[in-house]
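Have a look at the structure below, then the notes.
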Amino acid sequence: MVVEKKKINVGLIGYKFMGKAHSHAYRDLPFYFENSAVPVLKTVAGRNPEGVKKASEHYGFQGYTTNWKNLLEDEEIDLIDIVTPNNTHVEMTIAAARAGKHILCEKPLAMTTAEAYRILETVKENNVVHMICHNYRYTPAVQMAKKLIEEGKLGKIYHIRAHYLQDWIMDPKIPLVWRLKKEVTGYGAHGDIGAHIIDLARFLIGEFSEVTGMMQTFIKERPISTDSDGLSGSTASDKTGQVDVDDATAFLAKFSNGAFGVFEATRFAGGNRNGNRFEINGEKGSIRWDMENMNNLEVYFDNDPKGLQGFRTINCTEEVHPFAGAYWPPGHIIGYEHTFINLLKTLIDGISEGIIPTPNFEDGLLNQAVLEAVEKSAEKGTWISIKEVLEQAKAESCKHLSN
């Protein structure tokens with residue numbers, strides 16, 4: 001007897017870069033994984049009628065709307081997926097939680113740590129499943145790195161050095177897209193790509209305790225843009241606007257377990273299209289990973305025989321590697337889009353089983369606290385405690401909630 005699988009209807013808010021990535025993953029998920037539930041592309045929301053209609057048809061949604069609140073009123077929709085600019089996240093996540101919808105939200109979770117705390121408290125109060133889209137965790141090689149660390153193969157962790165290097169805004173003629181406006185995005189490279197390496201460090205190493213950093217803006221004015229999707233836009237005139245977010249951020253970190261970290265996020269590293277990389281050193285060995293070569297994990301163990309020691313390259317495409325068994329035979333590599341499929345497999349399972357997977361909004365809160373601590377450090381020129389940032393955010397959030 002064939003048992004029909006449970007369907008989870010998806011309402012997507014936003015439809016451009018991340019909307020495309022998420023929609024593709026929902027569509028391909030049932031092909032690779034036999035989930036206990038199947039996502040259904042129900043409705044997509046966007047402000048531009050022509051654009052959202054076209055996206056709806058192209059991505060395979062059953063319908064579209066120009067008012068995202070319509071998704072919350074639709075009793076058939078189970079999951080709200082938010083891929084909009086950062087300044088909309090707090091309103092949308094809180095409204096979705098109060099409507100009883102499960103939520104997936106793009107990173108960073110909010111504009112401030114206090115906002116992130118409010119979001120977390122609201123999803124807890126309304127007992128909905130929630131997840132934040134740090135998709136790089138779900139690369140099989142990164143999952144394998146986590147497994148090696150948990151098994152003690154590297155021993156005590158001493159160092160992590162991580163950087164995320166891009167170069168897409170080095171041209172001064174690149175227009176002032178929303179990712180370069182503080183009122184919309186909160187941070188520049190720091191929140192856009194630095195948030196990813198912060199999450200990877202938390203996932204692999206543990207919690208941050210203190211940070212000290214600096215932030216720099218190299219090009220302070222850019223042409224005013226129209227029709228921006230966050231990554232590109234057309235220039236309307238010769239007028240320019242101020243860039244009020246960072247182009248580059250670098251910081252040092254201390255971890256609660258005694259490890260030490262060095263981090264850099266920049267969109268001014270010429271020749272680096274998507275250089276998300278880390279190296280972790282422990283008492284028994286080291287690991288390296290590079291997103292631009294995402295299937296491979298470089299591993300060094302100091303108990304190898306003398307004369308044979310050195311980094312070896314593990315192609316993480318075999319069934320023993322997390323998630324890899326759902327795809328192709330060994331050596332048949334997967335790509336960027338599969339990181340979203342793996343994350344959504346975990347989310348759909350969580351909704352079906354009533355379990356809140358990771359990374360969730362608690363991870364989003366802790367990530368936000370590190371982002372904010374680095375910014376405060378850059379302003380004050382001193383070390384900033386993550387615990388103090390969280391305590392202050394809790395106090396601000398409680399004051400807001402009581403009002």
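All residue names refer to the structure tokens as shown: chains lettered A, B, ... in order, residues numbered from 1 in each chain, ligands numbered from 1 in order.
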Practice prompt. Write out as a count of residues only the residues lying within 10 Å of Arg47 (chain A), counting only C-alpha atoms and excluding same-chain residues fewer than 6 positions away.
Written response: 7
Strand (DSSP E) residues, from DSSP on the backbone, in region 75-112 of chain A, as a ChimeraX atom specification: /A:79-82,102-105
task = Write out as a PyMOL selection string the residues lying within 7 Å of Gln166 (chain A), counting only C-alpha atoms and excluding same-chain residues fewer than 2 positions away.
result = chain A and resi 164+168+266-269+272-275
Counting only C-alpha atoms, which residues of region 280-348 of chain A sit at most 12 Å from some atom of region 95-114 of chain A, and what is each one's closest atom pair with its distance in Å to one decimal, listed by chain and rising residue number, as JSON lines?
{"residue": "A:Phe340", "atom": "CA", "partner": "A:Glu106", "partner_atom": "CA", "distance": 11.4}
{"residue": "A:Leu343", "atom": "CA", "partner": "A:Leu104", "partner_atom": "CA", "distance": 10.3}
{"residue": "A:Leu344", "atom": "CA", "partner": "A:Leu104", "partner_atom": "CA", "distance": 9.1}
{"residue": "A:Thr346", "atom": "CA", "partner": "A:Leu104", "partner_atom": "CA", "distance": 11.5}
{"residue": "A:Leu347", "atom": "CA", "partner": "A:Leu104", "partner_atom": "CA", "distance": 8.2}
{"residue": "A:Ile348", "atom": "CA", "partner": "A:His102", "partner_atom": "CA", "distance": 10.1}
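If you look at CA of Gly271 (chain A) and CA of Asp171 (chain A), they are 12.8 Å away from each other.
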Could you go through region 201-329 of chain A and tell me which residues DSSP, when run on the backbone, assigns to helix (DSSP H, G or I), listing them as a JSON list (two decimals) with all heavy atoms, in the first residue's frame?
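File states-v3.json, as written:
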[["chain", "number", "residue", "atom", "x", "y", "z"],
["A", 201, "ALA", "N", 32.49, 29.01, 12.78],
["A", 201, "ALA", "CA", 33.35, 28.90, 13.96],
["A", 201, "ALA", "C", 32.56, 28.42, 15.17],
["A", 201, "ALA", "O", 33.02, 27.55, 15.91],
["A", 201, "ALA", "CB", 33.99, 30.26, 14.26],
["A", 202, "ARG", "N", 31.36, 28.95, 15.36],
["A", 202, "ARG", "CA", 30.53, 28.49, 16.48],
["A", 202, "ARG", "C", 30.16, 27.02, 16.30],
["A", 202, "ARG", "O", 30.16, 26.25, 17.28],
["A", 202, "ARG", "CB", 29.24, 29.32, 16.57],
["A", 202, "ARG", "CG", 29.42, 30.74, 17.08],
["A", 202, "ARG", "CD", 28.07, 31.40, 17.39],
["A", 202, "ARG", "NE", 27.32, 30.59, 18.32],
["A", 202, "ARG", "CZ", 26.26, 29.84, 17.99],
["A", 202, "ARG", "NH1", 25.80, 29.81, 16.74],
["A", 202, "ARG", "NH2", 25.64, 29.13, 18.91],
["A", 203, "PHE", "N", 29.83, 26.62, 15.08],
["A", 203, "PHE", "CA", 29.45, 25.25, 14.79],
["A", 203, "PHE", "C", 30.59, 24.27, 15.05],
["A", 203, "PHE", "O", 30.40, 23.19, 15.64],
["A", 203, "PHE", "CB", 29.01, 25.17, 13.32],
["A", 203, "PHE", "CG", 28.64, 23.79, 12.84],
["A", 203, "PHE", "CD1", 27.67, 23.04, 13.47],
["A", 203, "PHE", "CD2", 29.27, 23.24, 11.72],
["A", 203, "PHE", "CE1", 27.31, 21.78, 13.01],
["A", 203, "PHE", "CE2", 28.93, 21.98, 11.26],
["A", 203, "PHE", "CZ", 27.95, 21.26, 11.90],
["A", 204, "LEU", "N", 31.79, 24.66, 14.67],
["A", 204, "LEU", "CA", 32.94, 23.75, 14.74],
["A", 204, "LEU", "C", 33.73, 23.85, 16.04],
["A", 204, "LEU", "O", 34.21, 22.84, 16.55],
["A", 204, "LEU", "CB", 33.88, 24.00, 13.56],
["A", 204, "LEU", "CG", 33.28, 23.71, 12.17],
["A", 204, "LEU", "CD1", 34.16, 24.29, 11.08],
["A", 204, "LEU", "CD2", 33.09, 22.21, 11.96],
["A", 291, "MET", "N", 35.43, 26.99, 0.32],
["A", 291, "MET", "CA", 34.15, 26.89, -0.36],
["A", 291, "MET", "C", 34.30, 26.78, -1.86],
["A", 291, "MET", "O", 33.49, 26.13, -2.53],
["A", 291, "MET", "CB", 33.28, 28.11, 0.01],
["A", 291, "MET", "CG", 31.95, 28.19, -0.72],
["A", 291, "MET", "SD", 30.91, 26.73, -0.44],
["A", 291, "MET", "CE", 29.80, 26.87, -1.84],
["A", 292, "GLU", "N", 35.32, 27.41, -2.43],
["A", 292, "GLU", "CA", 35.51, 27.35, -3.88],
["A", 292, "GLU", "C", 36.02, 25.97, -4.32],
["A", 292, "GLU", "O", 36.14, 25.72, -5.52],
["A", 292, "GLU", "CB", 36.44, 28.46, -4.33],
["A", 292, "GLU", "CG", 35.80, 29.85, -4.18],
["A", 292, "GLU", "CD", 36.67, 30.96, -4.74],
["A", 292, "GLU", "OE1", 37.86, 30.71, -5.02],
["A", 292, "GLU", "OE2", 36.16, 32.08, -4.90],
["A", 293, "ASN", "N", 36.30, 25.12, -3.36],
["A", 293, "ASN", "CA", 36.67, 23.72, -3.63],
["A", 293, "ASN", "C", 35.92, 22.88, -2.60],
["A", 293, "ASN", "O", 36.51, 22.06, -1.89],
["A", 293, "ASN", "CB", 38.18, 23.54, -3.52],
["A", 293, "ASN", "CG", 38.66, 22.23, -4.11],
["A", 293, "ASN", "OD1", 37.94, 21.56, -4.85],
["A", 293, "ASN", "ND2", 39.87, 21.85, -3.77],
["A", 324, "ALA", "N", 26.25, 13.06, 1.76],
["A", 324, "ALA", "CA", 26.77, 12.76, 0.43],
["A", 324, "ALA", "C", 26.12, 11.53, -0.19],
["A", 324, "ALA", "O", 25.99, 11.44, -1.42],
["A", 324, "ALA", "CB", 28.29, 12.58, 0.49],
["A", 325, "GLY", "N", 25.70, 10.58, 0.62],
["A", 325, "GLY", "CA", 25.12, 9.35, 0.10],
["A", 325, "GLY", "C", 23.82, 9.55, -0.65],
["A", 325, "GLY", "O", 23.40, 8.66, -1.40],
["A", 326, "ALA", "N", 23.19, 10.71, -0.50],
["A", 326, "ALA", "CA", 21.92, 10.97, -1.19],
["A", 326, "ALA", "C", 22.13, 11.36, -2.65],
["A", 326, "ALA", "O", 21.17, 11.39, -3.42],
["A", 326, "ALA", "CB", 21.16, 12.08, -0.48]]
A straight line from CA of Ile132 (chain A) to CA of Gly51 (chain A) spans 25.4 Å
_Shell around region 24-39 of chain A at 9 Å using only C-alpha atoms, local window under 6 positions removed, as a ChimeraX atom specification_ = /A:5-10,59-60,326-327,337-342,344-345,348-349,351-353
Between CA of Met294 (chain A) and CA of Pro329 (chain A) lies a distance of 16.5 Å
Quiz prompt | Surrounding residues of Asp238 (chain A) excluding itself and chain neighbours under 6 positions, 10 Å, only C-alpha atoms, as JSON, numbers by chain | solution = {"A": [222, 223, 224]}
key: Long-range neighbours of Val370 (chain A) as a VMD selection string, 12 Å cut-off, only C-alpha atoms, 5 positions minimum in chain   = chain A and resid 108 112 to 113 190 to 191 194 to 199 201 to 202 207 to 213 251 to 255 263 363 to 365 375 to 377 383 to 390
Exercise for review: List the neighbours of region 312-323 of chain A out to 8 Å using only C-alpha atoms; skip same-chain residues closer than 5 positions along the sequence, and give me the result as a ChimeraX atom specification.
Suggested key: /A:140-141,143-144,295-300,328-334,342
Using only C-alpha atoms, what does the table of region 65-131 of chain A residues within 7 Å of region 173-187 of chain A look like, with each row giving the shortest atom pair and its distance in Å to one decimal, sorted by chain and ascending number, as CSV?
residue,atom,partner,partner_atom,distance
A:Pro85,CA,A:Thr185,CA,6.5
A:Asn86,CA,A:Thr185,CA,5.1
A:Asn87,CA,A:Val184,CA,5.0
A:Met111,CA,A:Gly186,CA,5.3
_Let me make sure I understand: among A:Asn303, A:Thr382, A:Thr122, A:Asn48, which one has the smallest atom-to-atom distance to Phe361 (chain A) if we use only C-alpha atoms?_
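Smallest distance to Phe361 (chain A) is found for A:Thr122.
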